$ cat structure.txt   # compact mmCIF, C-alpha atoms and all ligand atoms
# COMPACT_ATOMS: atom_id res chain seq x y z
CA MET F 1 18.01 22.58 10.69
CA SER F 2 19.52 20.89 7.64
CA GLU F 3 17.96 20.76 4.16
CA GLN F 4 16.78 17.23 4.76
CA ALA F 5 15.21 18.18 8.04
CA LEU F 6 12.59 20.15 6.17
CA SER F 7 11.50 17.36 3.94
CA ILE F 8 9.67 14.43 5.49
CA PRO F 9 8.27 13.21 2.15
CA ILE F 10 4.68 13.89 1.13
CA ILE F 11 3.31 11.22 -1.19
CA ASP F 12 0.10 11.43 -3.20
CA PHE F 13 -1.63 8.05 -2.88
CA GLY F 14 -4.44 8.94 -5.30
CA PRO F 15 -2.73 7.41 -8.38
CA PHE F 16 -2.25 4.12 -6.54
CA ILE F 17 -5.95 3.83 -5.72
CA GLN F 18 -6.97 4.72 -9.27
CA GLY F 19 -5.13 1.68 -10.51
CA ASP F 20 -3.01 2.51 -13.57
CA PRO F 21 -0.08 0.03 -13.26
CA THR F 22 2.65 2.54 -14.10
CA ALA F 23 1.29 5.08 -11.65
CA ARG F 24 0.99 2.38 -8.98
CA GLN F 25 4.65 1.48 -9.46
CA GLN F 26 5.62 5.13 -9.15
CA VAL F 27 3.73 5.59 -5.89
CA ALA F 28 5.20 2.36 -4.52
CA ALA F 29 8.72 3.49 -5.47
CA GLN F 30 8.21 6.76 -3.57
CA MET F 31 7.03 4.81 -0.53
CA ARG F 32 10.06 2.55 -0.73
CA GLU F 33 12.42 5.52 -0.88
CA ALA F 34 10.68 7.31 2.00
CA SER F 35 10.59 4.17 4.17
CA SER F 36 14.29 3.50 3.58
CA GLN F 37 15.40 7.07 4.21
CA TRP F 38 12.93 8.22 6.85
CA GLY F 39 10.64 5.41 7.96
CA PHE F 40 8.03 8.19 7.93
CA PHE F 41 6.00 9.98 5.29
CA TYR F 42 2.77 11.92 4.84
CA LEU F 43 0.20 10.31 2.60
CA ALA F 44 -2.28 12.57 0.79
CA ASN F 45 -5.49 11.23 -0.80
CA CYS F 46 -5.28 7.99 1.17
CA GLY F 47 -8.98 7.31 0.63
CA MET F 48 -10.20 7.68 4.24
CA PRO F 49 -13.68 9.26 4.29
CA GLN F 50 -13.29 12.71 5.87
CA ALA F 51 -16.55 12.33 7.83
CA SER F 52 -15.27 9.17 9.45
CA VAL F 53 -12.08 10.92 10.57
CA SER F 54 -13.96 13.92 11.98
CA GLU F 55 -16.45 11.71 13.82
CA ALA F 56 -13.66 9.64 15.33
CA PHE F 57 -11.94 12.78 16.66
CA GLN F 58 -15.25 14.02 18.08
CA ALA F 59 -15.92 10.61 19.68
CA SER F 60 -12.44 10.72 21.20
CA LYS F 61 -12.97 14.19 22.69
CA ASP F 62 -16.31 13.14 24.14
CA PHE F 63 -14.87 9.97 25.64
CA PHE F 64 -11.89 11.60 27.33
CA ALA F 65 -14.19 14.27 28.77
CA LEU F 66 -16.18 11.59 30.64
CA PRO F 67 -15.77 11.26 34.43
CA ASP F 68 -12.79 9.20 35.51
CA GLU F 69 -14.95 6.43 36.99
CA ILE F 70 -16.54 5.76 33.60
CA LYS F 71 -13.15 5.65 31.91
CA GLN F 72 -11.81 3.38 34.65
CA SER F 73 -14.79 1.05 34.12
CA VAL F 74 -13.11 0.04 30.85
CA ALA F 75 -9.52 0.09 32.18
CA TRP F 76 -6.76 -1.64 30.23
CA GLN F 77 -6.03 -5.07 31.77
CA ASN F 78 -2.95 -6.64 30.24
CA ALA F 79 -0.65 -6.75 27.23
CA GLN F 80 -2.30 -9.92 25.95
CA SER F 81 -5.69 -8.26 25.36
CA ASN F 82 -4.34 -4.67 25.11
CA ARG F 83 -7.79 -3.05 25.03
CA GLY F 84 -9.49 -0.27 26.96
CA TYR F 85 -8.52 2.87 28.82
CA VAL F 86 -4.96 3.75 29.83
CA GLY F 87 -4.78 6.67 32.28
CA VAL F 88 -2.35 9.58 32.36
CA ARG F 89 1.22 8.48 33.29
CA ARG F 90 0.31 4.79 33.12
CA GLU F 91 2.56 4.14 30.14
CA ARG F 92 6.21 4.94 29.50
CA LEU F 93 7.07 4.76 25.84
CA ASP F 94 10.61 5.73 26.84
CA PRO F 95 11.31 3.50 29.87
CA SER F 96 14.04 5.85 31.14
CA LYS F 97 11.51 8.69 31.60
CA PRO F 98 8.52 9.22 33.93
CA GLY F 99 5.06 8.15 32.66
CA ASP F 100 3.72 9.85 29.54
CA LEU F 101 1.42 12.85 29.94
CA LYS F 102 -1.38 11.32 27.92
CA GLU F 103 -4.39 9.08 28.21
CA ALA F 104 -5.44 6.53 25.63
CA PHE F 105 -8.22 4.19 24.59
CA ASN F 106 -7.41 1.02 22.64
CA ALA F 107 -9.85 -0.94 20.53
CA ALA F 108 -9.33 -3.61 17.90
CA PRO F 109 -11.15 -5.12 14.94
CA GLU F 110 -13.43 -8.02 15.91
CA ASP F 111 -14.49 -9.17 12.47
CA ARG F 112 -12.02 -11.96 11.72
CA ASP F 113 -10.61 -13.69 14.78
CA ALA F 114 -13.32 -15.04 17.08
CA SER F 115 -10.71 -16.21 19.60
CA ALA F 116 -9.29 -12.71 20.13
CA ALA F 117 -10.05 -10.62 23.25
CA ARG F 118 -13.19 -8.43 23.10
CA ASN F 119 -13.28 -4.64 23.09
CA LEU F 120 -14.23 -2.84 26.28
CA TRP F 121 -17.00 -0.30 25.61
CA PRO F 122 -18.25 2.17 28.23
CA ALA F 123 -21.91 1.64 29.16
CA ASP F 124 -24.50 4.05 27.73
CA GLN F 125 -22.20 5.56 25.06
CA PRO F 126 -23.66 4.05 21.87
CA GLU F 127 -22.36 6.83 19.59
CA PHE F 128 -18.83 6.42 20.84
CA ARG F 129 -18.88 2.75 19.95
CA GLU F 130 -20.57 3.36 16.60
CA HIS F 131 -18.07 6.01 15.48
CA VAL F 132 -15.04 4.09 16.66
CA GLU F 133 -16.25 0.94 14.90
CA THR F 134 -16.85 2.80 11.63
CA PHE F 135 -13.43 4.38 11.84
CA LEU F 136 -11.83 1.01 12.59
CA SER F 137 -13.39 -0.48 9.53
CA ASP F 138 -12.26 2.45 7.33
CA CYS F 139 -8.74 2.13 8.73
CA ILE F 140 -8.65 -1.56 7.79
CA THR F 141 -9.67 -0.77 4.20
CA THR F 142 -7.09 2.01 3.95
CA ALA F 143 -4.32 0.01 5.61
CA ASP F 144 -4.91 -2.88 3.20
CA ARG F 145 -4.42 -0.54 0.23
CA ILE F 146 -1.26 0.85 1.76
CA LEU F 147 0.02 -2.66 2.51
CA GLU F 148 -0.62 -3.54 -1.12
CA ALA F 149 1.58 -0.63 -2.17
CA PHE F 150 4.30 -1.79 0.22
CA ALA F 151 4.18 -5.23 -1.42
CA VAL F 152 4.59 -3.64 -4.86
CA ALA F 153 7.46 -1.58 -3.45
CA LEU F 154 9.27 -4.78 -2.42
CA ASP F 155 8.56 -6.71 -5.64
CA GLN F 156 6.18 -9.08 -3.90
CA PRO F 157 2.76 -10.22 -5.13
CA ASP F 158 0.18 -7.45 -4.46
CA ASN F 159 -1.50 -9.44 -1.68
CA PHE F 160 1.71 -10.46 0.12
CA PHE F 161 1.19 -8.21 3.17
CA VAL F 162 -2.61 -8.12 3.02
CA ASN F 163 -2.77 -11.91 3.33
CA ALA F 164 -0.34 -11.88 6.25
CA HIS F 165 -2.64 -9.34 7.98
CA ASP F 166 -5.98 -10.93 7.16
CA LEU F 167 -6.95 -11.78 10.75
CA HIS F 168 -6.90 -8.02 11.48
CA HIS F 169 -4.79 -8.22 14.62
CA HIS F 170 -4.47 -4.44 14.53
CA THR F 171 -4.91 -1.93 17.35
CA LEU F 172 -6.65 1.41 17.13
CA ARG F 173 -5.59 3.92 19.75
CA LEU F 174 -7.32 7.19 20.56
CA LEU F 175 -4.88 9.54 22.28
CA HIS F 176 -5.47 12.63 24.38
CA TYR F 177 -2.69 14.85 25.66
CA PRO F 178 -4.19 17.16 28.31
CA PRO F 179 -3.12 20.79 28.69
CA LEU F 180 -0.09 21.20 30.95
CA PRO F 181 0.52 23.65 33.76
CA GLU F 182 3.41 26.11 33.40
CA GLY F 183 6.91 24.77 34.13
CA PHE F 184 5.77 21.18 34.49
CA ILE F 185 8.01 19.56 31.92
CA ALA F 186 11.17 21.38 32.87
CA GLU F 187 10.79 20.23 36.48
CA GLN F 188 9.98 16.58 35.93
CA GLY F 189 11.47 15.61 32.57
CA GLU F 190 8.16 14.22 31.33
CA SER F 191 6.92 14.52 27.80
CA ARG F 192 3.64 13.86 26.09
CA ALA F 193 5.04 10.67 24.63
CA GLY F 194 8.62 9.56 25.20
CA ALA F 195 10.90 8.63 22.31
CA HIS F 196 10.05 5.18 20.98
CA THR F 197 9.64 3.14 17.86
CA ASP F 198 6.35 1.46 16.98
CA TYR F 199 6.24 -2.31 17.29
CA GLY F 200 4.21 -3.48 14.36
CA SER F 201 4.41 -3.43 10.57
CA ILE F 202 3.02 0.01 9.73
CA THR F 203 1.21 2.76 11.64
CA LEU F 204 -1.38 5.20 10.31
CA LEU F 205 -1.33 8.35 12.42
CA PHE F 206 -4.01 11.03 12.34
CA GLN F 207 -3.18 14.22 14.20
CA ASP F 208 -5.04 17.41 15.02
CA ASP F 209 -3.44 20.82 14.45
CA ALA F 210 -1.70 21.15 17.85
CA GLY F 211 1.68 19.84 16.66
CA GLY F 212 4.46 18.32 18.77
CA LEU F 213 5.19 15.10 16.90
CA GLU F 214 8.93 14.82 16.25
CA VAL F 215 10.84 12.30 14.19
CA CYS F 216 14.52 11.38 14.52
CA THR F 217 16.43 11.41 11.23
CA ARG F 218 19.09 8.84 10.37
CA GLN F 219 21.59 11.59 11.24
CA GLY F 220 20.14 11.72 14.76
CA GLU F 221 18.42 15.09 14.39
CA TRP F 222 14.89 15.64 15.75
CA VAL F 223 12.57 17.08 13.11
CA GLN F 224 9.01 18.29 13.57
CA ALA F 225 6.32 16.35 11.77
CA THR F 226 4.09 19.38 11.45
CA PRO F 227 0.42 18.49 10.92
CA ILE F 228 -0.61 18.78 7.26
CA PRO F 229 -4.41 18.90 6.82
CA GLY F 230 -5.83 16.10 4.70
CA THR F 231 -2.84 13.81 5.14
CA VAL F 232 -2.18 10.80 7.32
CA VAL F 233 1.32 10.11 8.65
CA ILE F 234 2.57 6.62 7.84
CA ASN F 235 5.51 5.02 9.56
CA THR F 236 7.15 1.62 9.40
CA GLY F 237 7.66 -0.15 12.73
CA ASP F 238 10.03 -2.64 14.37
CA LEU F 239 8.42 -5.66 12.82
CA MET F 240 8.73 -4.22 9.31
CA HIS F 241 12.34 -3.27 10.06
CA ARG F 242 13.02 -6.91 10.90
CA TRP F 243 10.91 -8.34 8.05
CA THR F 244 12.73 -6.16 5.49
CA ASN F 245 16.15 -6.95 6.94
CA HIS F 246 16.64 -3.23 7.79
CA VAL F 247 15.72 -2.01 4.29
CA PHE F 248 12.90 -0.01 5.93
CA CYS F 249 13.61 2.00 9.08
CA SER F 250 11.77 1.86 12.36
CA THR F 251 12.30 5.48 13.28
CA PRO F 252 12.27 6.87 16.83
CA HIS F 253 9.61 9.51 17.36
CA ARG F 254 8.13 11.36 20.33
CA VAL F 255 5.55 13.96 21.19
CA ASN F 256 7.04 17.07 22.65
CA VAL F 257 5.17 20.10 23.87
CA PRO F 258 5.62 23.18 21.74
CA LYS F 259 5.42 26.21 24.05
CA ALA F 260 2.53 27.66 22.09
CA ALA F 261 0.52 24.43 22.42
CA MET F 262 1.33 23.67 26.05
CA HIS F 263 -1.94 24.96 27.41
CA ARG F 264 -4.14 23.27 24.88
CA HIS F 265 -5.34 19.76 24.39
CA ARG F 266 -3.83 17.58 21.71
CA TYR F 267 -5.72 14.67 20.15
CA SER F 268 -4.32 12.08 17.80
CA ILE F 269 -5.38 8.64 16.61
CA ALA F 270 -2.99 5.85 15.74
CA PHE F 271 -3.87 2.66 13.87
CA PHE F 272 -1.12 0.13 14.50
CA CYS F 273 -1.06 -2.64 11.92
CA HIS F 274 0.08 -6.06 13.01
CA PRO F 275 0.33 -9.23 10.97
CA ASN F 276 -1.59 -12.31 12.08
CA LYS F 277 -0.14 -13.52 15.38
CA ASN F 278 0.87 -16.80 13.77
CA ALA F 279 2.44 -15.13 10.69
CA ASN F 280 6.02 -16.22 10.20
CA ILE F 281 8.22 -13.14 9.98
CA GLU F 282 11.19 -14.15 7.93
CA CYS F 283 13.45 -11.94 5.79
CA ILE F 284 11.65 -10.98 2.55
CA ASP F 285 13.61 -12.35 -0.39
CA SER F 286 14.01 -9.00 -2.17
CA CYS F 287 15.58 -7.55 1.02
CA THR F 288 18.75 -9.58 1.15
CA ASP F 289 21.83 -9.94 -1.03
CA ALA F 290 25.56 -10.41 -0.55
CA SER F 291 25.93 -6.94 0.97
CA ASN F 292 22.90 -7.34 3.27
CA PRO F 293 22.86 -10.92 4.58
CA VAL F 294 19.86 -12.18 6.57
CA ARG F 295 20.07 -10.62 10.04
CA TYR F 296 17.41 -12.42 12.10
CA PRO F 297 15.97 -15.89 12.52
CA PRO F 298 12.23 -16.27 11.82
CA ILE F 299 9.80 -15.28 14.61
CA SER F 300 6.01 -15.29 14.84
CA ALA F 301 4.43 -11.83 14.80
CA GLY F 302 2.61 -12.60 18.09
CA GLU F 303 5.81 -13.48 19.91
CA HIS F 304 7.50 -10.34 18.60
CA LEU F 305 4.64 -8.13 19.83
CA LEU F 306 4.49 -9.64 23.33
CA GLN F 307 8.20 -9.10 23.79
CA ARG F 308 7.80 -5.42 22.94
CA LEU F 309 4.63 -4.81 24.99
CA ASN F 310 6.09 -6.41 28.10
CA ALA F 311 9.00 -3.99 27.94
CA THR F 312 6.65 -0.96 27.94
CA TYR F 313 4.21 -1.49 30.84
O1 LIG A 1 0.28 11.16 19.19
C1 LIG A 1 1.11 11.07 18.29
O2 LIG A 1 1.20 11.91 17.41
C2 LIG A 1 2.08 9.93 18.25
C3 LIG A 1 1.72 8.78 19.14
C4 LIG A 1 2.64 7.63 18.98
O3 LIG A 1 3.68 7.73 18.39
C5 LIG A 1 2.26 6.31 19.51
O4 LIG A 1 1.29 6.22 20.28
O5 LIG A 1 2.93 5.32 19.17
FE FE A 2 4.50 5.81 17.96
$ encode --input "structure.txt" --output "structure tokens"
Amino acid sequence: MSEQALSIPIIDFGPFIQGDPTARQQVAAQMREASSQWGFFYLANCGMPQASVSEAFQASKDFFALPDEIKQSVAWQNAQSNRGYVGVRRERLDPSKPGDLKEAFNAAPEDRDASAARNLWPADQPEFREHVETFLSDCITTADRILEAFAVALDQPDNFFVNAHDLHHHTLRLLHYPPLPEGFIAEQGESRAGAHTDYGSITLLFQDDAGGLEVCTRQGEWVQATPIPGTVVINTGDLMHRWTNHVFCSTPHRVNVPKAAMHRHRYSIAFFCHPNKNANIECIDSCTDASNPVRYPPISAGEHLLQRLNATY
């Protein structure tokens, strides 16, 4: 492993939340550097209430332990709504590989866009719904702060990204990677999650201590994103890559199975941020100059997402 391989940046977000303008600029500059070099970083002191995170993980464990018929009662229907339960092997994040060895539950904020699809909640599980909804709301608050820092990082008005995301077209995804029997991966070439990039603007990723997340460096080397307690992993996705005219990376990542963790469960939770479906995604002015001319025509965020989802299912 190279020097760089050891150093997915860790950024302390505390000074940004506390509000001193110089400190905010410094945090934003670190985020800019990390997003240009890695497209991935750990954020410490991001402001998420610890109880909310713990309750969401517990709710996730309880949900995935339910009988299959209950989970199937809220089965995922289509890319347009993109809510509900996705069973093991249903999704291929890397289309050249067999289905991923994971199950998932997608939910989305319902507070802003009355025309959006509704969440699918299993009957008689009021605590599950309550904890997921609380967590969703905390993720929105946290994501807005992070988006504010990204705007500062790109010399835009503080609310540049927050305004473009104000319909909350985000997706929350609970993920469960079941324990695997011996020899399974070697025989079939499956993984827990195939190599992929995320589609949206930014992703907040909460992981348990099982490990397995790997990130591809710009040099093409796979590096472990070892869980660090108290941090959330932030990555910039395809839409941000396009919006910033390639200034920020959309970095391939995957979930492999470390031998030591093969026989245990892994849980993670991803919050995928997406701009309003009708937001016009057009090269940000600070991201182009003579050496980096505009690379893409404008596209709506909704059109961009549908193109990516249809390629995955
Ligand atoms: O479970 C993880 O750690 C990563 C999941 C992921 O990358 C995704 O669902 O897009
Ligand atoms: Fe991902």
$ residues_near_ligand --input "structure.txt" --ligand "ligand FE 2 (chain A)" --cutoff "7 Å" --atoms "all atoms listed in the file" --output "list in words"
His196, Thr197, Asp198 and His253 of chain F
$ write_last_selection --input "structure.txt" --atoms "C-alpha atoms" --output "compact mmCIF listing (two decimals), in the coordinates of the input"
# COMPACT_ATOMS: atom_id res chain seq x y z
CA HIS F 196 10.05 5.18 20.98
CA THR F 197 9.64 3.14 17.86
CA ASP F 198 6.35 1.46 16.98
CA HIS F 253 9.61 9.51 17.36
$ residues_around --input "structure.txt" --residues "stretch 293-299 of chain F" --least-positions-apart "3" --cutoff "8 Å" --atoms "only C-alpha atoms" --output "PyMOL selection string"
chain F and resi 242+245+280-283+288-290+303-304
$ write_last_selection --input "structure.txt" --atoms "C-alpha atoms" --output "CSV table (one decimal), in the frame of the given file"
chain,number,residue,atom,x,y,z
F,242,ARG,CA,13.0,-6.9,10.9
F,245,ASN,CA,16.2,-7.0,6.9
F,280,ASN,CA,6.0,-16.2,10.2
F,281,ILE,CA,8.2,-13.1,10.0
F,282,GLU,CA,11.2,-14.2,7.9
F,283,CYS,CA,13.4,-11.9,5.8
F,288,THR,CA,18.8,-9.6,1.2
F,289,ASP,CA,21.8,-9.9,-1.0
F,290,ALA,CA,25.6,-10.4,-0.6
F,303,GLU,CA,5.8,-13.5,19.9
F,304,HIS,CA,7.5,-10.3,18.6
$ axis_aligned_box --input "structure.txt" --around "ligand LIG 1 (chain A)" --padding-each-side "8 Å" --output "lines of an AutoDock Vina configuration file"
center_x = 2.0
center_y = 8.6
center_z = 18.8
size_x = 19.4
size_y = 22.6
size_z = 18.9
$ residues_near_ligand --input "structure.txt" --ligand "ligand LIG 1 (chain A)" --cutoff "6 Å" --atoms "all atoms listed in the file" --output "short mmCIF file (atom, residue, chain, number, x, y, z; two decimals) with C-alpha atoms, in the coordinates of the input"
data_model
loop_
_atom_site.label_atom_id
_atom_site.label_comp_id
_atom_site.auth_asym_id
_atom_site.auth_seq_id
_atom_site.Cartn_x
_atom_site.Cartn_y
_atom_site.Cartn_z
CA ASP F 198 6.35 1.46 16.98
CA GLN F 207 -3.18 14.22 14.20
CA LEU F 213 5.19 15.10 16.90
CA SER F 268 -4.32 12.08 17.80
#
$ closest_residue --input "structure.txt" --among "F:Asp20, F:Leu205, F:Tyr177, F:Asn119" --to "F:His263" --atoms "all atoms listed in the file"
F:Tyr177
$ atom_distance --input "structure.txt" --atom1 "atom CA of F:His274" --atom2 "atom CA of F:Arg145"
14.6 Å
$ residues_around --input "structure.txt" --residues "F:Ser54" --least-positions-apart "4" --cutoff "12 Å" --atoms "only C-alpha atoms" --output "PyMOL selection string"
chain F and resi 48-50+58-61+131-132+134-135+206-208+229-230+267-269
$ write_last_selection --input "structure.txt" --atoms "C-alpha atoms" --output "compact mmCIF listing (two decimals), in the frame of the given file"
# COMPACT_ATOMS: atom_id res chain seq x y z
CA MET F 48 -10.20 7.68 4.24
CA PRO F 49 -13.68 9.26 4.29
CA GLN F 50 -13.29 12.71 5.87
CA GLN F 58 -15.25 14.02 18.08
CA ALA F 59 -15.92 10.61 19.68
CA SER F 60 -12.44 10.72 21.20
CA LYS F 61 -12.97 14.19 22.69
CA HIS F 131 -18.07 6.01 15.48
CA VAL F 132 -15.04 4.09 16.66
CA THR F 134 -16.85 2.80 11.63
CA PHE F 135 -13.43 4.38 11.84
CA PHE F 206 -4.01 11.03 12.34
CA GLN F 207 -3.18 14.22 14.20
CA ASP F 208 -5.04 17.41 15.02
CA PRO F 229 -4.41 18.90 6.82
CA GLY F 230 -5.83 16.10 4.70
CA TYR F 267 -5.72 14.67 20.15
CA SER F 268 -4.32 12.08 17.80
CA ILE F 269 -5.38 8.64 16.61
$ atom_distance --input "structure.txt" --atom1 "atom CA of F:Ser36" --atom2 "atom CA of F:Leu204"
17.1 Å
$ closest_residue --input "structure.txt" --among "F:Phe272, F:Trp243, F:Tyr199, F:Phe248" --to "F:Gln307" --atoms "all atoms listed in the file"
F:Tyr199
$ closest_residue --input "structure.txt" --among "F:Gln30, F:Thr231, F:Asn292, F:Thr226" --to "F:Ala149" --atoms "all atoms listed in the file"
F:Gln30
$ residues_near_point --input "structure.txt" --point "(7.5, 9.4, -0.6)" --cutoff "12 Å" --atoms "all atoms listed in the file" --output "number ranges by chain"
F: 7-13, 26-44, 149-150, 153, 233-235
$ write_last_selection --input "structure.txt" --atoms "C-alpha atoms" --output "compact mmCIF listing (two decimals), in the coordinates of the input"
# COMPACT_ATOMS: atom_id res chain seq x y z
CA SER F 7 11.50 17.36 3.94
CA ILE F 8 9.67 14.43 5.49
CA PRO F 9 8.27 13.21 2.15
CA ILE F 10 4.68 13.89 1.13
CA ILE F 11 3.31 11.22 -1.19
CA ASP F 12 0.10 11.43 -3.20
CA PHE F 13 -1.63 8.05 -2.88
CA GLN F 26 5.62 5.13 -9.15
CA VAL F 27 3.73 5.59 -5.89
CA ALA F 28 5.20 2.36 -4.52
CA ALA F 29 8.72 3.49 -5.47
CA GLN F 30 8.21 6.76 -3.57
CA MET F 31 7.03 4.81 -0.53
CA ARG F 32 10.06 2.55 -0.73
CA GLU F 33 12.42 5.52 -0.88
CA ALA F 34 10.68 7.31 2.00
CA SER F 35 10.59 4.17 4.17
CA SER F 36 14.29 3.50 3.58
CA GLN F 37 15.40 7.07 4.21
CA TRP F 38 12.93 8.22 6.85
CA GLY F 39 10.64 5.41 7.96
CA PHE F 40 8.03 8.19 7.93
CA PHE F 41 6.00 9.98 5.29
CA TYR F 42 2.77 11.92 4.84
CA LEU F 43 0.20 10.31 2.60
CA ALA F 44 -2.28 12.57 0.79
CA ALA F 149 1.58 -0.63 -2.17
CA PHE F 150 4.30 -1.79 0.22
CA ALA F 153 7.46 -1.58 -3.45
CA VAL F 233 1.32 10.11 8.65
CA ILE F 234 2.57 6.62 7.84
CA ASN F 235 5.51 5.02 9.56
$ atom_distance --input "structure.txt" --atom1 "atom CA of F:Cys249" --atom2 "atom CA of F:Gly237"
7.3 Å
$ closest_residue --input "structure.txt" --among "F:Leu306, F:Val74, F:Ala210, F:Leu172" --to "F:Leu120" --atoms "all atoms listed in the file"
F:Val74
$ residues_around --input "structure.txt" --residues "stretch 214-224 of chain F" --least-positions-apart "5" --cutoff "7 Å" --atoms "all atoms listed in the file" --output "list in words"
Ala5, Trp38, Thr251, Pro252, His253, Arg254 and Val255 of chain F
$ residues_around --input "structure.txt" --residues "F:Leu180" --least-positions-apart "2" --cutoff "12 Å" --atoms "only C-alpha atoms" --output "mmCIF file with C-alpha atoms, keeping the file's coordinate frame"
data_model
loop_
_atom_site.group_PDB
_atom_site.id
_atom_site.type_symbol
_atom_site.label_atom_id
_atom_site.label_comp_id
_atom_site.auth_asym_id
_atom_site.auth_seq_id
_atom_site.Cartn_x
_atom_site.Cartn_y
_atom_site.Cartn_z
ATOM 1 C CA VAL F 88 -2.350 9.580 32.360
ATOM 2 C CA LEU F 101 1.420 12.850 29.940
ATOM 3 C CA LYS F 102 -1.380 11.320 27.920
ATOM 4 C CA TYR F 177 -2.690 14.850 25.660
ATOM 5 C CA PRO F 178 -4.190 17.160 28.310
ATOM 6 C CA GLU F 182 3.410 26.110 33.400
ATOM 7 C CA GLY F 183 6.910 24.770 34.130
ATOM 8 C CA PHE F 184 5.770 21.180 34.490
ATOM 9 C CA ILE F 185 8.010 19.560 31.920
ATOM 10 C CA ALA F 186 11.170 21.380 32.870
ATOM 11 C CA GLU F 190 8.160 14.220 31.330
ATOM 12 C CA SER F 191 6.920 14.520 27.800
ATOM 13 C CA ARG F 192 3.640 13.860 26.090
ATOM 14 C CA ASN F 256 7.040 17.070 22.650
ATOM 15 C CA VAL F 257 5.170 20.100 23.870
ATOM 16 C CA PRO F 258 5.620 23.180 21.740
ATOM 17 C CA LYS F 259 5.420 26.210 24.050
ATOM 18 C CA ALA F 260 2.530 27.660 22.090
ATOM 19 C CA ALA F 261 0.520 24.430 22.420
ATOM 20 C CA MET F 262 1.330 23.670 26.050
ATOM 21 C CA HIS F 263 -1.940 24.960 27.410
ATOM 22 C CA ARG F 264 -4.140 23.270 24.880
ATOM 23 C CA HIS F 265 -5.340 19.760 24.390
ATOM 24 C CA ARG F 266 -3.830 17.580 21.710
#
$ closest_residue --input "structure.txt" --among "F:Ala123, F:Met240, F:Cys46, F:Ala311" --to "F:Phe161" --atoms "only C-alpha atoms"
F:Met240
$ residues_near_point --input "structure.txt" --point "(0.2, -3.6, 10.4)" --cutoff "9 Å" --atoms "all atoms listed in the file" --output "MDAnalysis selection string"
chainID F and resid 143:144 147 161 165 168:171 200:204 236:237 239:240 271:275
$ write_last_selection --input "structure.txt" --atoms "C-alpha atoms" --output "CSV table (one decimal), keeping the file's coordinate frame"
chain,number,residue,atom,x,y,z
F,143,ALA,CA,-4.3,0.0,5.6
F,144,ASP,CA,-4.9,-2.9,3.2
F,147,LEU,CA,0.0,-2.7,2.5
F,161,PHE,CA,1.2,-8.2,3.2
F,165,HIS,CA,-2.6,-9.3,8.0
F,168,HIS,CA,-6.9,-8.0,11.5
F,169,HIS,CA,-4.8,-8.2,14.6
F,170,HIS,CA,-4.5,-4.4,14.5
F,171,THR,CA,-4.9,-1.9,17.4
F,200,GLY,CA,4.2,-3.5,14.4
F,201,SER,CA,4.4,-3.4,10.6
F,202,ILE,CA,3.0,0.0,9.7
F,203,THR,CA,1.2,2.8,11.6
F,204,LEU,CA,-1.4,5.2,10.3
F,236,THR,CA,7.2,1.6,9.4
F,237,GLY,CA,7.7,-0.2,12.7
F,239,LEU,CA,8.4,-5.7,12.8
F,240,MET,CA,8.7,-4.2,9.3
F,271,PHE,CA,-3.9,2.7,13.9
F,272,PHE,CA,-1.1,0.1,14.5
F,273,CYS,CA,-1.1,-2.6,11.9
F,274,HIS,CA,0.1,-6.1,13.0
F,275,PRO,CA,0.3,-9.2,11.0
$ closest_residue --input "structure.txt" --among "F:Ala114, F:Ile284, F:Phe57, F:Gly194" --to "F:Ala270" --atoms "only C-alpha atoms"
F:Phe57
